[in-house]
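> The structure follows.
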Amino acid sequence: MGTKIQNVGLVLFLLVTVFSSVSHAEVGVTDTEILIGSSLALEGHASYLGTQTLRGFTAYINAVNEKGGVNGRKIKILAYNDGYDPDNCVKNTNKLIKEDKVFALSSYVGTPTSVKAMPIIEEAHIPLVGLFTGAEALREPPKRYIFNVRASYYQETAGIVTHFWEDLGFRDIAVFYQNDAFGTAGLKGVELALEKYKAKPIVTASYERGSEDVGPALKTIREKNPEAIVMVGVYGPCARFIQGSKWLGFDPYFHCVSFVGANQLAHLLGTGKDNDGVVVTQVVPPPESNLPGIQEYRACFEKYIKKDFPDDTPNFVSLEGFVNAKVLVAILNKLGKDVTRENFIKAAESLKNFDTGIGTNLTFGDQDRRGLDMIYYTVIKSGKYEVVTDWKKLR
């Protein structure tokens with residue numbers, strides 16, 4: 001009888017131990033795998049931004065997995081198309097969290113999409129690392145579960161306004177922007193930058209997200225004849241605005257923030273001399289640079305992207321996705337075998353002076369979710385981008 005009781009007790013002990021370990025297993029993590037989710041534009045008018053971000057992100061993850069993964073676990077990516085539509089992003093985010101049960105999120109693309117998904121992410125206590133947006137709403141006040149890697153739109157617009165005002169002597173600066181959270185974030189950045197000089201934009205005009213009808217905005221801005229235009233939009237509408245301006249003989253200095261999709265913008269504008277001089281601020285260095293991280297990116301590009309997408313070339317957007325992946329893996333590496341979301345947050349907050357390989361280090365903290373701060377200034381010359389070295393010789 002005593003032996004039976006002991007055996008029953010042993011069985012109960014084992015069952016409790018097993019179920020206890022199961023109940024404490026982190027969502028999205030097994031002994032062999034970590035599941036990471038993403039929602040981004042893979043189809044539609046902003047698809048270049050989403051597909052290139054995902055390809056760069058995936059290239060680095062493939063390289064990590066080929067070497068055995070992170071502390072013995074491979075990383076699996078589950079990405080859904082949201083078409084740059086906020087409601088679709090919400091649906092995707094809910095599915096990733098509640099049905100797919102991913103461990104963490106990464107490389108979301110777009111301000112209106114990410115801002116609308118933000119409350120769901122915070123409520124679920126799930127980390128999101130690296131977003132292709134510079135919106136201040138995702139930075140201030142700091143969000144516990146959201147870690148930005150790139151510099152902000154405020155930093156981009158502050159930088160270009162300073163160069164326009166101080167180096168080129170421009171006083172009449174206009175803003176052309178997308179009429180949503182993305183565009184208004186950039187507009188606000190320009191307004192704040194001009195406040196330093198006790199000035200305001202000479203004129204502002206917008207277009208609707210998903211549309212390339214820029215005619216009314218072009219007419220409004222052209223009537224004020226600004227010296228320079230800060231453009232806060234995606235590649236299609238911005239290219240159409242610039243081309244329409246040139247056709248009308250209206251030729252101010254044009255600037256686009258990084259979300260425009262620089263390489264696709266240059267492709268749409270073509271190689272004609274008339275399009276030389278368009279300035280684009282970037283948050284990563286040119287993909288032709290010889291920095292260690294850029295060389296690593298190009299090697300991964302050739303190995304993991306080029307074979308499936310032979311028409312692709314190294315570009316700013318996929319490079320940013322690549323850097324997002326590097327930061328995500330750096331945080332996971334700090335966890336060792338104990339991969340939980342709360343430990344992930346602590347590990348991310350302890351990431352100090354992480355060498356991204358692109359010439360600038362990244363630091364997070366308990367009240368710091370900003371990541372990198374560097375802005376790069378590039379200008380289109382014969383359909384390609386060159387780094388601005390002399391502002392007085394842009395054209």
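By convention here, the chains of the structure tokens are called A, B, ... in the order presented, each chain's residues are numbered starting at 1, and ligands are numbered starting at 1 in the order presented.
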So that each row is one residue of region 60-132 of chain A with an atom at most 10 Å from region 241-260 of chain A, can you give its shortest atom pair and the distance in Å to one decimal, using only C-alpha atoms, rows by chain and rising number, as a tab-separated table?

```
residue	atom	partner	partner_atom	distance
A:Val109	CA	A:Phe259	CA	9.3
A:Gly110	CA	A:Phe259	CA	8.2
A:Thr111	CA	A:Phe259	CA	9.7
A:Phe132	CA	A:Phe259	CA	7.4
```
> Suppose we keep C-alpha atoms; can you now write the selection as a PDB file, in the first residue's frame?

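Heads up, here's the output in part-v4.pdb:
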```pdb
ATOM      1  CA  VAL A 109       6.472  49.902 -41.976  1.00  0.00           C
ATOM      2  CA  GLY A 110       4.662  53.229 -41.845  1.00  0.00           C
ATOM      3  CA  THR A 111       3.439  55.816 -39.370  1.00  0.00           C
ATOM      4  CA  PHE A 132      10.334  52.049 -40.734  1.00  0.00           C
TER       5      PHE A 132
END
```
> What does the distance from CA of Pro287 (chain A) to CA of Cys300 (chain A) come to in Å, to one decimal?
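So the answer is 12.3 Å.
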> Kindly indicate which residue among A:Leu362, A:Leu335, A:Ile61, A:Ala228 lies nearest to Ile305 (chain A), using only C-alpha atoms for the distances.
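Checking each of A:Leu362, A:Leu335, A:Ile61, A:Ala228 against Ile305 (chain A), counting only C-alpha atoms, the winner is A:Ile61.
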> Taking 2 positions as the minimum chain separation for residues in the same chain, which residues sit within 9 Å of Tyr177 (chain A) when counting only C-alpha atoms? Answer as an mmCIF file with C-alpha atoms, in the first residue's frame.

```cif
data_model
loop_
_atom_site.group_PDB
_atom_site.id
_atom_site.type_symbol
_atom_site.label_atom_id
_atom_site.label_comp_id
_atom_site.auth_asym_id
_atom_site.auth_seq_id
_atom_site.Cartn_x
_atom_site.Cartn_y
_atom_site.Cartn_z
ATOM 1 C CA VAL A 175 5.937 71.725 -47.160
ATOM 2 C CA ASN A 179 -2.467 63.911 -45.264
ATOM 3 C CA ASP A 180 -2.158 61.451 -42.377
ATOM 4 C CA PHE A 182 3.088 60.362 -41.348
ATOM 5 C CA GLY A 183 2.727 63.617 -43.235
ATOM 6 C CA THR A 184 1.662 65.693 -40.269
ATOM 7 C CA GLY A 186 6.966 65.662 -40.937
ATOM 8 C CA LEU A 187 5.075 68.945 -41.212
ATOM 9 C CA THR A 204 1.758 73.957 -47.026
ATOM 10 C CA ALA A 205 -0.314 71.569 -49.150
ATOM 11 C CA SER A 206 -1.142 67.875 -48.974
ATOM 12 C CA TYR A 207 -2.300 64.831 -50.915
ATOM 13 C CA GLU A 208 -4.291 61.827 -49.721
ATOM 14 C CA VAL A 230 10.297 69.761 -47.906
ATOM 15 C CA MET A 231 8.348 66.708 -49.127
ATOM 16 C CA VAL A 232 6.879 64.239 -46.645
ATOM 17 C CA GLY A 233 5.459 61.497 -48.819
#
```
> Which of region 128-264 of chain A counts as strand (DSSP E or B) under DSSP, as a compact mmCIF listing (two decimals) with C-alpha atoms, in the first residue's frame please?

```txt
# COMPACT_ATOMS: atom_id res chain seq x y z
CA LEU A 128 8.42 45.59 -31.19
CA VAL A 129 11.96 46.35 -32.38
CA GLY A 130 12.69 48.47 -35.45
CA LEU A 131 10.01 50.42 -37.32
CA PHE A 132 10.33 52.05 -40.73
CA ILE A 146 8.53 49.77 -28.63
CA PHE A 147 12.20 50.14 -29.54
CA ILE A 173 10.35 77.07 -47.45
CA ALA A 174 7.18 75.13 -48.31
CA VAL A 175 5.94 71.73 -47.16
CA PHE A 176 4.23 69.13 -49.36
CA TYR A 177 2.94 66.28 -47.21
CA GLN A 178 0.78 63.16 -47.06
CA THR A 204 1.76 73.96 -47.03
CA ALA A 205 -0.31 71.57 -49.15
CA SER A 206 -1.14 67.87 -48.97
CA TYR A 207 -2.30 64.83 -50.91
CA ALA A 228 12.67 75.04 -51.38
CA ILE A 229 10.07 72.36 -50.65
CA VAL A 230 10.30 69.76 -47.91
CA MET A 231 8.35 66.71 -49.13
CA VAL A 232 6.88 64.24 -46.65
CA TYR A 253 15.05 72.90 -54.38
CA PHE A 254 13.32 69.63 -53.52
CA HIS A 255 13.93 67.59 -50.39
CA CYS A 256 12.33 64.27 -49.39
```
> For CA of Gly210 (chain A) and CA of His45 (chain A), quote the distance in Å rounded to one decimal.
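Those two atoms sit 6.3 Å apart.
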> Which residue is closest to Ala137 (chain A)? Choose from A:Ile202, A:Ala117, A:Ala181, A:Cys238 and count only C-alpha atoms.
A:Ala181
> Name the residues in contact with Trp391 (chain A) at a cut-off of 9 Å, using only C-alpha atoms, excluding same-chain residues fewer than 3 positions from it; report them as a list in words.
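Close residues of Trp391 (chain A): His163, Phe164, Asp167, Leu168, Val388 and Leu394 of chain A.
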> If we count only C-alpha atoms, what is near region 337-351 of chain A at a cut-off of 8 Å, once residues fewer than 3 positions away on the same chain are taken out, given as an MDAnalysis selection string?
chainID A and resid 26 29 71 103:104 125:127 144:145 331:332 334 354 362:366 368
> Might you pull out every residue within 8 Å of region 261-271 of chain A, with only C-alpha atoms counted and same-chain residues fewer than 5 positions away left off, and present them as a PyMOL selection string?
chain A and resi 48-49+234-236+238-239+243+280+315-317+380-384
> Region 216-331 of chain A: which residues are helix (DSSP H, G or I) by DSSP, as a VMD selection string?
chain A and resid 216 to 224 235 to 247 258 to 260 262 to 269 273 to 275 292 to 305 316 to 331
> Under the rule that only C-alpha atoms are counted, which of A:Ala193, A:Ala151, A:Leu218, A:Ala299 is the nearest residue to Met374 (chain A)?
A:Ala151
> Which polymer residues have any atom within 8 Å of an atom of Tyr377 (chain A), counting only C-alpha atoms, with same-chain residues fewer than 2 positions away left out, as an MDAnalysis selection string?
chainID A and resid 279:282 375 379 387:388
> I need the residue nearest Ile221 (chain A) from this list: A:Thr360, A:Val203, A:Thr389, A:Ala79. Use only C-alpha atoms for the distance.
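Smallest separation from Ile221 (chain A) among the options: A:Val203.
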> Give the answer as one residue: which of A:Val327, A:Val278, A:Leu291, A:Ala46 has the shortest atom-to-atom distance to Asn148 (chain A), using only C-alpha atoms?
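With only C-alpha atoms as the atom set, the closest residue is A:Val327.
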